file my_file-v6.txt (compact mmCIF, C-alpha atoms)
# COMPACT_ATOMS: atom_id res chain seq x y z
CA MET A 16 -8.89 -60.53 -24.27
CA LYS A 17 -11.93 -60.54 -22.04
CA ALA A 18 -9.69 -60.67 -19.01
CA THR A 19 -7.73 -57.68 -20.25
CA ILE A 20 -10.90 -55.67 -20.80
CA THR A 21 -12.16 -56.61 -17.32
CA LYS A 22 -8.82 -55.57 -15.87
CA LEU A 23 -8.98 -52.30 -17.73
CA ILE A 24 -12.52 -51.65 -16.49
CA ILE A 25 -11.48 -52.42 -12.93
CA LEU A 26 -8.49 -50.14 -13.28
CA LEU A 27 -10.71 -47.38 -14.67
CA LEU A 28 -13.25 -47.74 -11.89
CA THR A 29 -10.55 -47.77 -9.24
CA THR A 30 -8.99 -44.61 -10.66
CA LEU A 31 -12.38 -42.89 -10.80
CA SER A 32 -13.32 -43.84 -7.28
CA MET A 33 -9.92 -42.73 -5.99
CA GLY A 34 -10.36 -39.42 -7.77
CA VAL A 35 -13.81 -38.92 -6.30
CA GLY A 36 -12.49 -40.00 -2.94
CA SER A 37 -9.71 -37.45 -2.91
CA VAL A 38 -12.10 -34.71 -3.98
CA LEU A 39 -14.47 -35.68 -1.18
CA LEU A 40 -11.58 -35.76 1.25
CA ALA A 41 -10.41 -32.33 0.10
CA ASP A 42 -13.92 -30.95 0.52
CA LYS A 43 -14.17 -32.40 3.98
CA ASN A 44 -11.05 -30.57 5.07
CA THR A 45 -11.72 -27.34 3.21
CA GLU A 46 -13.51 -24.45 4.88
CA THR A 47 -14.32 -20.89 3.91
CA ILE A 48 -14.44 -17.69 5.93
CA VAL A 49 -14.64 -14.06 4.87
CA PHE A 50 -12.80 -11.26 6.63
CA ALA A 51 -13.28 -7.51 6.18
CA ALA A 52 -10.50 -5.38 7.65
CA GLY A 53 -10.23 -2.25 5.53
CA CYS A 54 -8.89 -2.00 2.00
CA PHE A 55 -8.85 -5.59 0.71
CA TRP A 56 -5.50 -5.35 -1.07
CA GLY A 57 -3.46 -5.75 2.10
CA VAL A 58 -5.87 -8.20 3.73
CA GLU A 59 -5.65 -10.53 0.73
CA LYS A 60 -1.86 -10.41 0.82
CA HIS A 61 -1.85 -11.20 4.54
CA PHE A 62 -3.99 -14.33 4.23
CA ASP A 63 -2.32 -15.44 1.01
CA ASN A 64 0.92 -15.72 2.97
CA ILE A 65 -0.45 -18.00 5.68
CA GLN A 66 0.42 -21.66 5.27
CA GLY A 67 -2.64 -23.84 4.87
CA VAL A 68 -4.60 -21.12 3.07
CA LEU A 69 -5.61 -22.54 -0.30
CA SER A 70 -6.87 -19.28 -1.75
CA ALA A 71 -7.53 -15.69 -0.72
CA LYS A 72 -9.73 -13.58 -2.98
CA SER A 73 -10.72 -9.93 -2.82
CA GLY A 74 -14.41 -9.14 -3.08
CA TYR A 75 -17.53 -7.60 -1.64
CA VAL A 76 -19.59 -8.85 1.27
CA ASP A 77 -22.60 -7.96 3.40
CA GLY A 78 -24.38 -5.42 1.20
CA ASN A 79 -27.88 -5.55 -0.24
CA PHE A 80 -27.80 -4.47 -3.86
CA ALA A 81 -27.21 -6.63 -6.90
CA ASN A 82 -23.81 -7.11 -8.51
CA PRO A 83 -21.56 -4.74 -6.60
CA THR A 84 -18.64 -3.15 -8.43
CA TYR A 85 -15.66 -1.28 -6.99
CA LYS A 86 -17.05 1.94 -8.41
CA ASN A 87 -20.42 1.47 -6.66
CA VAL A 88 -18.85 0.40 -3.40
CA LEU A 89 -16.70 3.55 -3.35
CA LYS A 90 -19.69 5.68 -4.35
CA TYR A 91 -21.87 4.42 -1.50
CA ARG A 92 -19.22 4.60 1.19
CA TYR A 93 -20.71 7.59 3.00
CA LEU A 94 -24.33 6.39 3.07
CA PRO A 95 -26.19 7.44 6.21
CA LYS A 96 -26.62 4.79 8.90
CA ASP A 97 -30.41 4.57 8.40
CA SER A 98 -30.17 4.12 4.64
CA LYS A 99 -32.17 1.24 3.14
CA LEU A 100 -29.34 0.61 0.75
CA ILE A 101 -26.58 -1.25 2.55
CA ASN A 102 -23.13 -0.89 1.09
CA TYR A 103 -20.77 -3.83 0.78
CA ALA A 104 -17.62 -4.16 2.81
CA GLU A 105 -14.36 -4.87 1.03
CA GLY A 106 -13.72 -8.44 2.10
CA VAL A 107 -11.40 -11.34 1.50
CA GLU A 108 -12.69 -14.87 1.04
CA VAL A 109 -10.24 -17.26 2.63
CA VAL A 110 -10.43 -20.93 1.70
CA TYR A 111 -8.23 -23.08 3.90
CA ASP A 112 -7.34 -26.66 4.68
CA LYS A 113 -8.29 -27.09 8.31
CA THR A 114 -5.81 -29.94 8.74
CA LYS A 115 -3.02 -27.47 7.91
CA VAL A 116 -4.23 -24.26 9.54
CA SER A 117 -6.75 -23.77 12.31
CA PRO A 118 -9.60 -21.28 12.03
CA GLU A 119 -8.39 -19.96 15.39
CA LEU A 120 -5.02 -18.95 13.95
CA LEU A 121 -6.73 -17.20 11.02
CA ILE A 122 -9.21 -15.36 13.22
CA LYS A 123 -6.56 -14.30 15.72
CA SER A 124 -4.41 -12.99 12.87
CA PHE A 125 -7.45 -11.03 11.67
CA TRP A 126 -7.73 -9.19 14.99
CA GLU A 127 -4.03 -8.40 15.01
CA LEU A 128 -4.01 -7.34 11.37
CA HIS A 129 -6.05 -4.16 11.68
CA ASP A 130 -7.66 -1.72 14.09
CA PRO A 131 -11.06 -3.22 14.90
CA THR A 132 -11.95 -0.25 17.13
CA GLN A 133 -12.26 2.19 14.24
CA THR A 134 -15.83 2.55 12.96
CA ASP A 135 -16.22 2.45 9.18
CA GLY A 136 -12.62 2.99 8.31
CA GLN A 137 -8.98 2.09 8.71
CA GLY A 138 -6.67 5.05 9.22
CA ASN A 139 -7.16 7.53 6.40
CA ASP A 140 -9.39 5.14 4.48
CA ILE A 141 -12.78 6.38 5.58
CA GLY A 142 -16.08 4.82 4.55
CA ASN A 143 -18.47 1.98 5.37
CA ASN A 144 -16.75 -0.20 2.74
CA TYR A 145 -13.75 -0.30 5.08
CA ARG A 146 -15.75 -1.62 8.05
CA SER A 147 -14.47 -4.54 10.07
CA GLY A 148 -16.24 -7.90 9.92
CA ILE A 149 -16.03 -11.65 10.21
CA TYR A 150 -18.47 -13.64 8.07
CA PHE A 151 -18.46 -17.25 9.21
CA THR A 152 -19.62 -20.44 7.51
CA THR A 153 -19.24 -22.92 10.38
CA GLN A 154 -20.38 -22.97 13.99
CA GLN A 155 -16.81 -23.49 15.10
CA GLN A 156 -15.69 -20.30 13.33
CA LYS A 157 -18.59 -18.42 14.93
CA LYS A 158 -17.64 -19.66 18.40
CA ILE A 159 -13.97 -18.78 17.94
CA ALA A 160 -14.85 -15.37 16.49
CA PHE A 161 -16.94 -14.41 19.54
CA GLU A 162 -14.51 -15.89 22.05
CA THR A 163 -11.45 -14.22 20.54
CA LYS A 164 -13.36 -10.95 20.23
CA LYS A 165 -13.96 -11.01 23.98
CA LEU A 166 -10.35 -11.85 24.68
CA TYR A 167 -8.97 -9.26 22.26
CA GLN A 168 -11.26 -6.60 23.75
CA LYS A 169 -9.72 -7.28 27.17
CA LEU A 170 -6.23 -6.87 25.69
CA LEU A 171 -7.24 -3.69 23.86
CA THR A 172 -8.79 -2.20 26.99
CA LYS A 173 -5.67 -3.02 28.93
CA ALA A 174 -3.66 -1.18 26.29
CA GLY A 175 -5.94 1.85 26.69
CA LEU A 176 -7.73 1.35 23.37
CA GLY A 177 -11.42 1.53 22.52
CA THR A 178 -14.30 -0.81 21.82
CA ILE A 179 -14.34 -3.34 18.99
CA THR A 180 -16.79 -2.42 16.23
CA THR A 181 -16.37 -5.63 14.23
CA GLU A 182 -19.56 -7.33 13.07
CA ILE A 183 -19.68 -11.12 13.30
CA LYS A 184 -22.31 -12.58 10.99
CA PRO A 185 -23.02 -15.68 8.94
CA LEU A 186 -21.78 -15.38 5.36
CA VAL A 187 -24.66 -14.82 2.96
CA LYS A 188 -22.94 -14.11 -0.33
CA PHE A 189 -19.49 -13.14 -1.45
CA TYR A 190 -18.96 -11.39 -4.78
CA ASP A 191 -15.52 -11.60 -6.35
CA ALA A 192 -13.94 -8.22 -7.01
CA GLU A 193 -12.79 -7.25 -10.48
CA GLU A 194 -9.71 -9.08 -11.75
CA TYR A 195 -7.42 -6.06 -11.34
CA HIS A 196 -8.00 -6.17 -7.58
CA GLN A 197 -6.86 -9.78 -7.25
CA ASP A 198 -3.25 -10.01 -6.03
CA TYR A 199 -3.12 -6.22 -6.27
CA LEU A 200 0.01 -5.86 -4.16
CA LYS A 201 1.80 -8.52 -6.19
CA LYS A 202 0.97 -6.60 -9.34
CA ASN A 203 1.79 -3.29 -7.66
CA PRO A 204 4.62 -3.92 -5.23
CA PHE A 205 4.78 -0.18 -4.55
CA GLY A 206 1.06 0.09 -3.98
CA TYR A 207 0.44 1.82 -0.68
CA CYS A 208 -1.42 -0.21 1.83
CA PRO A 209 -0.63 1.26 5.21
CA ASN A 210 -0.73 -0.99 8.23
CA HIS A 211 -3.35 0.08 10.78
CA ALA A 212 -2.83 -2.72 13.28
CA THR A 213 -3.13 -1.73 16.92
CA GLY A 214 0.06 -3.60 17.79
CA VAL A 215 -1.84 -5.54 20.46
CA LYS A 216 -1.02 -9.25 20.20
CA PHE A 217 -2.65 -12.32 21.72
CA GLU A 218 0.71 -13.68 22.72
CA LYS A 219 3.42 -11.47 24.03
CA SER A 220 6.38 -11.30 21.71
CA LYS A 221 9.86 -10.50 22.92
CA GLU A 222 10.19 -6.87 23.85
CA LYS A 223 12.13 -4.83 21.39
CA THR A 224 15.16 -2.95 22.59
CA ALA A 225 14.25 0.69 22.89
CA SER A 226 16.01 2.89 20.40
CA ILE A 227 18.32 5.55 21.70
CA GLN A 228 16.41 8.80 21.89
CA PRO A 229 18.18 11.16 24.27
CA LEU A 230 15.56 13.85 23.79
CA GLY A 231 12.65 11.47 23.95
CA GLY A 232 12.10 11.35 20.22
CA LYS A 233 12.22 15.08 19.66
CA GLU A 234 15.67 15.13 18.14
CA ILE A 235 16.09 17.09 14.98
CA LEU A 236 19.15 15.98 13.12
CA VAL A 237 20.50 18.34 10.55
CA ILE A 238 22.26 16.08 8.13
CA LYS A 239 24.51 17.42 5.43
CA MET A 240 23.07 16.63 2.02
CA ASP A 241 24.73 13.51 0.71
CA SER A 242 23.53 10.52 -1.21
CA LYS A 243 22.70 8.55 1.89
CA SER A 244 20.46 11.23 3.29
CA PHE A 245 18.97 11.70 -0.14
CA TYR A 246 17.87 8.10 -0.19
CA LYS A 247 16.68 8.34 3.38
CA THR A 248 14.70 11.44 2.49
CA LEU A 249 13.16 9.55 -0.37
CA GLU A 250 12.24 6.60 1.73
CA SER A 251 11.62 7.93 5.18
CA PHE A 252 8.04 9.01 4.70
CA MET B 7 -1.40 9.38 -18.14
CA TYR B 8 1.87 9.43 -16.27
CA ILE B 9 1.74 11.57 -13.16
CA ALA B 10 4.16 11.97 -10.28
CA ILE B 11 3.76 13.15 -6.73
CA GLU B 12 6.58 15.16 -5.25
CA GLY B 13 7.01 16.59 -1.80
CA ILE B 14 9.35 16.68 1.16
CA ASP B 15 9.14 14.58 4.33
CA THR B 16 5.80 14.92 6.15
CA ALA B 17 4.07 16.49 3.11
CA GLY B 18 1.78 13.46 2.87
CA LYS B 19 2.91 11.89 -0.38
CA SER B 20 2.21 8.29 0.53
CA THR B 21 -1.17 9.21 2.04
CA GLN B 22 -2.14 10.91 -1.21
CA ILE B 23 -0.84 8.09 -3.40
CA SER B 24 -2.80 5.67 -1.27
CA ALA B 25 -5.96 7.77 -1.68
CA LEU B 26 -5.41 8.26 -5.41
CA SER B 27 -4.87 4.54 -5.98
CA LYS B 28 -8.41 3.97 -4.67
CA HIS B 29 -9.72 6.30 -7.36
CA PHE B 30 -7.56 4.66 -10.01
CA PRO B 31 -7.46 1.00 -8.92
CA GLU B 32 -6.13 -0.04 -12.30
CA ALA B 33 -3.27 2.44 -12.15
CA VAL B 34 0.34 1.33 -12.01
CA ILE B 35 1.85 2.52 -8.74
CA THR B 36 5.57 2.95 -8.83
CA LYS B 37 8.44 4.89 -7.29
CA GLU B 38 11.73 6.46 -8.14
CA PRO B 39 14.47 5.76 -7.25
CA GLY B 40 14.42 2.03 -6.57
CA GLY B 41 11.36 1.16 -8.69
CA THR B 42 13.04 -1.78 -10.46
CA LYS B 43 15.24 -4.70 -9.46
CA ILE B 44 18.33 -3.01 -10.90
CA GLY B 45 17.20 0.18 -9.18
CA ARG B 46 17.18 -1.58 -5.81
CA GLN B 47 20.67 -2.96 -6.45
CA ILE B 48 21.87 0.53 -7.35
CA ARG B 49 20.29 1.78 -4.17
CA GLU B 50 22.34 -0.73 -2.18
CA MET B 51 25.48 0.44 -3.94
CA VAL B 52 24.82 4.10 -3.23
CA LEU B 53 23.83 3.42 0.38
CA SER B 54 26.96 1.42 0.99
CA ALA B 55 28.83 4.51 -0.23
CA CYS B 56 31.12 2.67 -2.60
CA THR B 57 31.32 5.50 -5.07
CA LYS B 58 33.98 8.10 -4.45
CA SER B 59 33.16 10.18 -7.48
CA LYS B 60 30.07 12.39 -7.34
CA ARG B 61 29.78 12.01 -11.08
CA ALA B 62 29.76 8.24 -10.78
CA GLU B 63 27.02 8.54 -8.21
CA PHE B 64 25.06 10.88 -10.46
CA LEU B 65 25.36 8.36 -13.30
CA LEU B 66 24.13 5.57 -11.03
CA PHE B 67 21.00 7.57 -10.30
CA LEU B 68 20.58 8.08 -14.03
CA ALA B 69 20.97 4.35 -14.64
CA ASP B 70 18.21 3.72 -12.11
CA ARG B 71 16.03 6.27 -13.90
CA ALA B 72 16.74 4.87 -17.38
CA GLU B 73 15.81 1.36 -16.26
CA HIS B 74 12.66 2.58 -14.52
CA ILE B 75 11.50 4.50 -17.58
CA GLN B 76 12.13 1.60 -19.93
CA GLU B 77 10.81 -1.19 -17.72
CA VAL B 78 7.94 0.42 -15.82
CA ILE B 79 6.87 3.70 -17.41
CA GLU B 80 7.11 3.13 -21.16
CA PRO B 81 5.27 -0.22 -21.30
CA ASN B 82 2.40 1.32 -19.33
CA LEU B 83 2.04 4.73 -20.95
CA ASP B 84 -1.43 3.79 -22.17
CA LYS B 85 -2.49 3.33 -18.54
CA MET B 86 -2.64 5.59 -15.53
CA ILE B 87 0.77 5.65 -13.84
CA ILE B 88 1.18 7.22 -10.42
CA SER B 89 4.80 7.57 -9.41
CA ASP B 90 6.15 8.42 -6.00
CA ARG B 91 8.76 10.99 -7.15
CA SER B 92 10.28 11.33 -10.58
CA VAL B 93 13.07 12.84 -12.63
CA ILE B 94 12.28 16.10 -10.83
CA SER B 95 13.57 14.81 -7.48
CA GLY B 96 16.70 13.57 -9.19
CA VAL B 97 17.37 16.91 -10.83
CA ALA B 98 16.55 18.75 -7.61
CA TYR B 99 19.08 16.67 -5.73
CA ALA B 100 21.77 17.24 -8.34
CA LEU B 101 21.06 20.98 -8.22
CA ILE B 102 21.50 21.06 -4.47
CA GLN B 103 24.73 19.10 -4.73
CA GLY B 104 26.08 21.74 -7.08
CA GLU B 105 28.74 19.44 -8.52
CA ILE B 106 27.42 19.28 -12.07
CA LYS B 107 26.40 22.12 -14.35
CA GLU B 108 22.71 22.79 -14.80
CA THR B 109 22.80 22.23 -18.56
CA ALA B 110 24.59 18.90 -18.12
CA ILE B 111 22.07 17.80 -15.49
CA VAL B 112 19.20 18.55 -17.84
CA HIS B 113 20.81 17.00 -20.92
CA LEU B 114 21.90 13.85 -19.19
CA ASN B 115 18.47 13.37 -17.65
CA ARG B 116 16.90 13.78 -21.06
CA PHE B 117 19.30 11.13 -22.37
CA ALA B 118 18.48 8.73 -19.52
CA THR B 119 14.72 9.13 -19.83
CA GLY B 120 14.56 9.45 -23.60
CA GLY B 121 12.48 12.52 -22.88
CA VAL B 122 9.73 10.50 -21.19
CA TYR B 123 8.64 12.85 -18.43
CA PRO B 124 5.51 12.85 -16.31
CA GLU B 125 2.64 14.72 -17.91
CA LYS B 126 1.74 16.33 -14.63
CA VAL B 127 3.59 16.58 -11.38
CA PHE B 128 1.94 17.49 -8.13
CA LEU B 129 4.04 19.13 -5.46
CA LEU B 130 2.55 18.83 -2.01
CA ARG B 131 3.87 22.10 -0.74
CA LEU B 132 4.40 22.96 2.90
CA SER B 133 4.97 26.35 4.47
CA LYS B 134 7.86 26.74 6.90
CA GLU B 135 5.44 27.02 9.84
CA GLU B 136 3.45 23.95 8.87
CA LEU B 137 6.61 21.93 8.22
CA GLU B 138 8.04 22.84 11.62
CA PHE B 139 4.77 21.94 13.28
CA ARG B 140 4.69 18.56 11.54
CA LEU B 141 8.30 17.84 12.39
CA SER B 142 7.57 18.56 16.04
CA GLN B 143 4.63 16.14 15.93
CA LYS B 144 6.62 13.37 14.34
CA GLU B 145 7.90 12.06 17.62
CA LEU B 146 7.99 8.37 16.94
CA ASP B 147 10.84 8.31 14.52
CA GLY B 148 12.91 11.15 15.86
CA ILE B 149 15.99 9.87 14.13
CA GLU B 150 14.37 10.56 10.75
CA LEU B 151 13.80 14.20 11.53
CA ARG B 152 15.83 16.77 9.76
CA GLY B 153 16.11 20.48 9.97
CA SER B 154 13.31 22.39 8.32
CA GLU B 155 15.79 24.49 6.38
CA TYR B 156 17.25 21.44 4.71
CA LEU B 157 13.81 20.24 3.68
CA LEU B 158 12.68 23.65 2.45
CA ASN B 159 15.79 23.83 0.25
CA ILE B 160 14.73 20.57 -1.35
CA GLN B 161 11.24 21.96 -1.86
CA ASP B 162 12.63 25.04 -3.64
CA ALA B 163 14.94 22.87 -5.75
CA ILE B 164 11.94 20.74 -6.83
CA ILE B 165 10.23 23.88 -8.17
CA GLU B 166 13.40 24.95 -9.96
CA ALA B 167 13.91 21.47 -11.43
CA ALA B 168 10.39 21.45 -12.89
CA LYS B 169 11.08 24.78 -14.59
CA LEU B 170 14.39 23.56 -16.02
CA LEU B 171 12.78 20.40 -17.39
CA ASN B 172 9.74 22.29 -18.61
CA ILE B 173 7.38 19.95 -16.76
CA GLU B 174 4.02 21.20 -15.56
CA LEU B 175 4.24 21.40 -11.78
CA ILE B 176 0.99 21.83 -9.92
CA GLU B 177 1.56 23.12 -6.44
CA VAL B 178 -0.97 21.88 -3.94
CA ASP B 179 -1.17 23.35 -0.46
CA ALA B 180 -0.41 20.29 1.67
CA THR B 181 -1.89 21.93 4.78
CA GLY B 182 -5.50 21.10 3.88
CA SER B 183 -7.46 17.98 4.80
CA ILE B 184 -6.47 14.71 3.15
CA GLU B 185 -9.72 14.59 1.21
CA ASP B 186 -9.51 18.19 -0.01
CA ILE B 187 -5.98 17.61 -1.29
CA THR B 188 -7.04 14.39 -3.06
CA ASN B 189 -9.96 16.22 -4.66
CA GLU B 190 -7.74 19.05 -5.81
CA ILE B 191 -5.39 16.56 -7.45
CA LEU B 192 -8.29 14.67 -9.04
CA VAL B 193 -9.75 17.87 -10.52
CA ASN B 194 -6.34 18.74 -11.94
CA ILE B 195 -5.83 15.28 -13.42
CA ASN B 196 -9.13 15.61 -15.22
CA THR B 197 -8.34 19.08 -16.53
CA PRO B 198 -6.75 19.10 -19.98
CA GLN B 199 -3.15 20.19 -19.99
CA GLY B 200 -2.13 23.72 -20.93
call {"tool": "encode", "arguments": {"input": "my_file-v6.txt", "output": "structure tokens"}}
result
Amino acid sequence: MKATITKLIILLLTTLSMGVGSVLLADKNTETIVFAAGCFWGVEKHFDNIQGVLSAKSGYVDGNFANPTYKNVLKYRYLPKDSKLINYAEGVEVVYDKTKVSPELLIKSFWELHDPTQTDGQGNDIGNNYRSGIYFTTQQQKKIAFETKKLYQKLLTKAGLGTITTEIKPLVKFYDAEEYHQDYLKKNPFGYCPNHATGVKFEKSKEKTASIQPLGGKEILVIKMDSKSFYKTLESF
Amino acid sequence: MYIAIEGIDTAGKSTQISALSKHFPEAVITKEPGGTKIGRQIREMVLSACTKSKRAEFLLFLADRAEHIQEVIEPNLDKMIISDRSVISGVAYALIQGEIKETAIVHLNRFATGGVYPEKVFLLRLSKEELEFRLSQKELDGIELRGSEYLLNIQDAIIEAAKLLNIELIEVDATGSIEDITNEILVNINTPQG
């Protein structure tokens, strides 16, 4: 009887220590970084789809008032530069397993994901809440962020584009956005989240075959109204 | 409130829906046709041109609409719904085709939708001059460009369709700035109907 109890205790302790061990191990490999690259709906979807990312959450980062809400963040988006009140940026908190995905891959994908040369906005989304930023939590992330910024700037300049406006700062606090913002594009597959990427990539991809445009893209095709053109009309814009 | 945005190519529909969804982040954003799984399958069928009969094709569009109303619109009528196009586009297209009588188009659409129509429809309206200017600027996807006449016919048919269906159509001058247009729509959404 005694022996059984001892065995049971040993078994229990072993299980507990293994559990603690795996948690510790998971923590050791888990890192967090926050990216701001315009409207968070599309940014969250982007990082959610990268292998090795454990979670991607929409939220607010880098402002200075208590308990930001979507309503407030939209309201304060045109604050003057010298305002004492600092608005939050729409950001995405990415938690990843560094044994499965490198911070370098994530940060490079961030640069390629949006247009970091636009100040306080992405395309038609104008406002300081759409500013570009990397908020790091490790020295390695910081180093990679600055190094890739330099490299990406060279590539942008070569492509005739402007200067990067992205801020690179340590993460102070991240506030989760309201529940209806989480996985927004999964809930709203027809939600519009236009892509504002510059098209400049760190690695050259295979060149696409140029489409046939005899008049250099100025063709106007008059197509007789049929169902195909109806669908195209519905979808082309 | 169920609202729809209508407008021809280059009118700025997706830009406006994108801007509106920021003001109504809890809104359901949808589209017609092709807003449901069945709708996307129907789309494939129509695009692969397997229907010979124009009536069959018309009925396929109605099937798409019926499914969309039942699966997306009706369950969310207590919420804000912003739809990229609506029954109005469907009726406008059928009118232009001229194969089916006006009364039949209206009755069959009422049958398919169960009379669930958008409360307000915004038409982003372009003048001929503005449309031609925009088409000339749209260099990148030249293959998508169509004659301005063709597009203006659709625009006129949209207005006619709204009248036939007795749906409130609010015409918004699509020439203005993105923000002005959004504000005009927002003011109208907040104004009681009638």
call {"tool": "residues_around", "arguments": {"input": "my_file-v6.txt", "residues": "segment 110-115 of chain B", "least_positions_apart": "5", "cutoff": "12 Å", "atoms": "only C-alpha atoms", "output": "count of residues only"}}
result
37
call {"tool": "atom_distance", "arguments": {"input": "my_file-v6.txt", "atom1": "atom CA of Val34 of chain B", "atom2": "atom CA of Ser183 of chain B"}}
result
24.9 Å
call {"tool": "closest_residue", "arguments": {"input": "my_file-v6.txt", "among": "B:Ile106, B:Glu155, B:Leu129, B:Asn189", "to": "chain A", "atoms": "all atoms listed in the file"}}
result
B:Glu155
call {"tool": "interface_residues", "arguments": {"input": "my_file-v6.txt", "of": "chain B", "to": "chain A", "cutoff": "9 Å", "atoms": "all atoms listed in the file", "output": "NGL selection string"}}
result
:B and (14-21 or 23-25 or 27-29 or 31-39 or 41 or 49 or 52-55 or 63 or 90-91 or 95 or 99 or 102-103 or 141-157 or 184)
call {"tool": "atom_distance", "arguments": {"input": "my_file-v6.txt", "atom1": "atom CA of Ser70 of chain A", "atom2": "atom CA of Ile88 of chain B"}}
result
29.0 Å
call {"tool": "closest_residue", "arguments": {"input": "my_file-v6.txt", "among": "A:Lys123, A:Lys169, A:His61, A:Lys184", "to": "Lys157 of chain A", "atoms": "all atoms listed in the file"}}
result
A:Lys184
call {"tool": "closest_residue", "arguments": {"input": "my_file-v6.txt", "among": "B:Leu137, B:Met51, B:Ile79, B:Ile9", "to": "Ile191 of chain B", "atoms": "all atoms listed in the file"}}
result
B:Ile9
call {"tool": "atom_distance", "arguments": {"input": "my_file-v6.txt", "atom1": "atom CA of Glu190 of chain B", "atom2": "atom CA of Asn82 of chain B"}}
result
24.5 Å
call {"tool": "closest_residue", "arguments": {"input": "my_file-v6.txt", "among": "A:Asp135, A:Asp63, A:Glu119, A:Glu162", "to": "Glu105 of chain A", "atoms": "all atoms listed in the file"}}
result
A:Asp135
call {"tool": "axis_aligned_box", "arguments": {"input": "my_file-v6.txt", "around": "segment 47-51 of chain B", "padding_each_side": "4 Å", "output": "lines of an AutoDock Vina configuration file"}}
result
center_x = 22.9
center_y = -0.6
center_z = -4.8
size_x = 13.2
size_y = 12.7
size_z = 13.2
call {"tool": "residues_near_point", "arguments": {"input": "my_file-v6.txt", "point": "(-5.2, 22.9, 8.3)", "cutoff": "12 Å", "atoms": "only C-alpha atoms", "output": "mmCIF file with C-alpha atoms, in the frame of the given file"}}
result
data_model
loop_
_atom_site.group_PDB
_atom_site.id
_atom_site.type_symbol
_atom_site.label_atom_id
_atom_site.label_comp_id
_atom_site.auth_asym_id
_atom_site.auth_seq_id
_atom_site.Cartn_x
_atom_site.Cartn_y
_atom_site.Cartn_z
ATOM 1 C CA LEU B 132 4.400 22.960 2.900
ATOM 2 C CA SER B 133 4.970 26.350 4.470
ATOM 3 C CA GLU B 135 5.440 27.020 9.840
ATOM 4 C CA GLU B 136 3.450 23.950 8.870
ATOM 5 C CA LEU B 137 6.610 21.930 8.220
ATOM 6 C CA PHE B 139 4.770 21.940 13.280
ATOM 7 C CA ARG B 140 4.690 18.560 11.540
ATOM 8 C CA ASP B 179 -1.170 23.350 -0.460
ATOM 9 C CA ALA B 180 -0.410 20.290 1.670
ATOM 10 C CA THR B 181 -1.890 21.930 4.780
ATOM 11 C CA GLY B 182 -5.500 21.100 3.880
ATOM 12 C CA SER B 183 -7.460 17.980 4.800
ATOM 13 C CA ILE B 184 -6.470 14.710 3.150
ATOM 14 C CA GLU B 185 -9.720 14.590 1.210
ATOM 15 C CA ASP B 186 -9.510 18.190 -0.010
ATOM 16 C CA ILE B 187 -5.980 17.610 -1.290
#
call {"tool": "residues_near_point", "arguments": {"input": "my_file-v6.txt", "point": "(-0.5, -13.2, 22.1)", "cutoff": "12 Å", "atoms": "only C-alpha atoms", "output": "PyMOL selection string"}}
result
chain A and resi 120+123-124+126-127+163+166-167+170-171+214-221
call {"tool": "write_last_selection", "arguments": {"input": "my_file-v6.txt", "atoms": "C-alpha atoms", "output": "mmCIF file, in the frame of the given file"}}
result
data_model
loop_
_atom_site.group_PDB
_atom_site.id
_atom_site.type_symbol
_atom_site.label_atom_id
_atom_site.label_comp_id
_atom_site.auth_asym_id
_atom_site.auth_seq_id
_atom_site.Cartn_x
_atom_site.Cartn_y
_atom_site.Cartn_z
ATOM 1 C CA LEU A 120 -5.020 -18.950 13.950
ATOM 2 C CA LYS A 123 -6.560 -14.300 15.720
ATOM 3 C CA SER A 124 -4.410 -12.990 12.870
ATOM 4 C CA TRP A 126 -7.730 -9.190 14.990
ATOM 5 C CA GLU A 127 -4.030 -8.400 15.010
ATOM 6 C CA THR A 163 -11.450 -14.220 20.540
ATOM 7 C CA LEU A 166 -10.350 -11.850 24.680
ATOM 8 C CA TYR A 167 -8.970 -9.260 22.260
ATOM 9 C CA LEU A 170 -6.230 -6.870 25.690
ATOM 10 C CA LEU A 171 -7.240 -3.690 23.860
ATOM 11 C CA GLY A 214 0.060 -3.600 17.790
ATOM 12 C CA VAL A 215 -1.840 -5.540 20.460
ATOM 13 C CA LYS A 216 -1.020 -9.250 20.200
ATOM 14 C CA PHE A 217 -2.650 -12.320 21.720
ATOM 15 C CA GLU A 218 0.710 -13.680 22.720
ATOM 16 C CA LYS A 219 3.420 -11.470 24.030
ATOM 17 C CA SER A 220 6.380 -11.300 21.710
ATOM 18 C CA LYS A 221 9.860 -10.500 22.920
#
call {"tool": "closest_residue", "arguments": {"input": "my_file-v6.txt", "among": "A:Tyr150, A:Tyr111, A:Phe55, A:Tyr145", "to": "Lys43 of chain A", "atoms": "all atoms listed in the file"}}
result
A:Tyr111
call {"tool": "closest_residue", "arguments": {"input": "my_file-v6.txt", "among": "A:Gly148, A:Gly106, A:Pro185, A:Gly57", "to": "Val76 of chain A", "atoms": "only C-alpha atoms"}}
result
A:Gly106
call {"tool": "residues_around", "arguments": {"input": "my_file-v6.txt", "residues": "Ala51 of chain A", "least_positions_apart": "3", "cutoff": "12 Å", "atoms": "all atoms listed in the file", "output": "ChimeraX atom specification"}}
result
/A:48,54-59,62,72-77,103-109,122,125-126,128-131,135-137,143-151,180-184,186,189
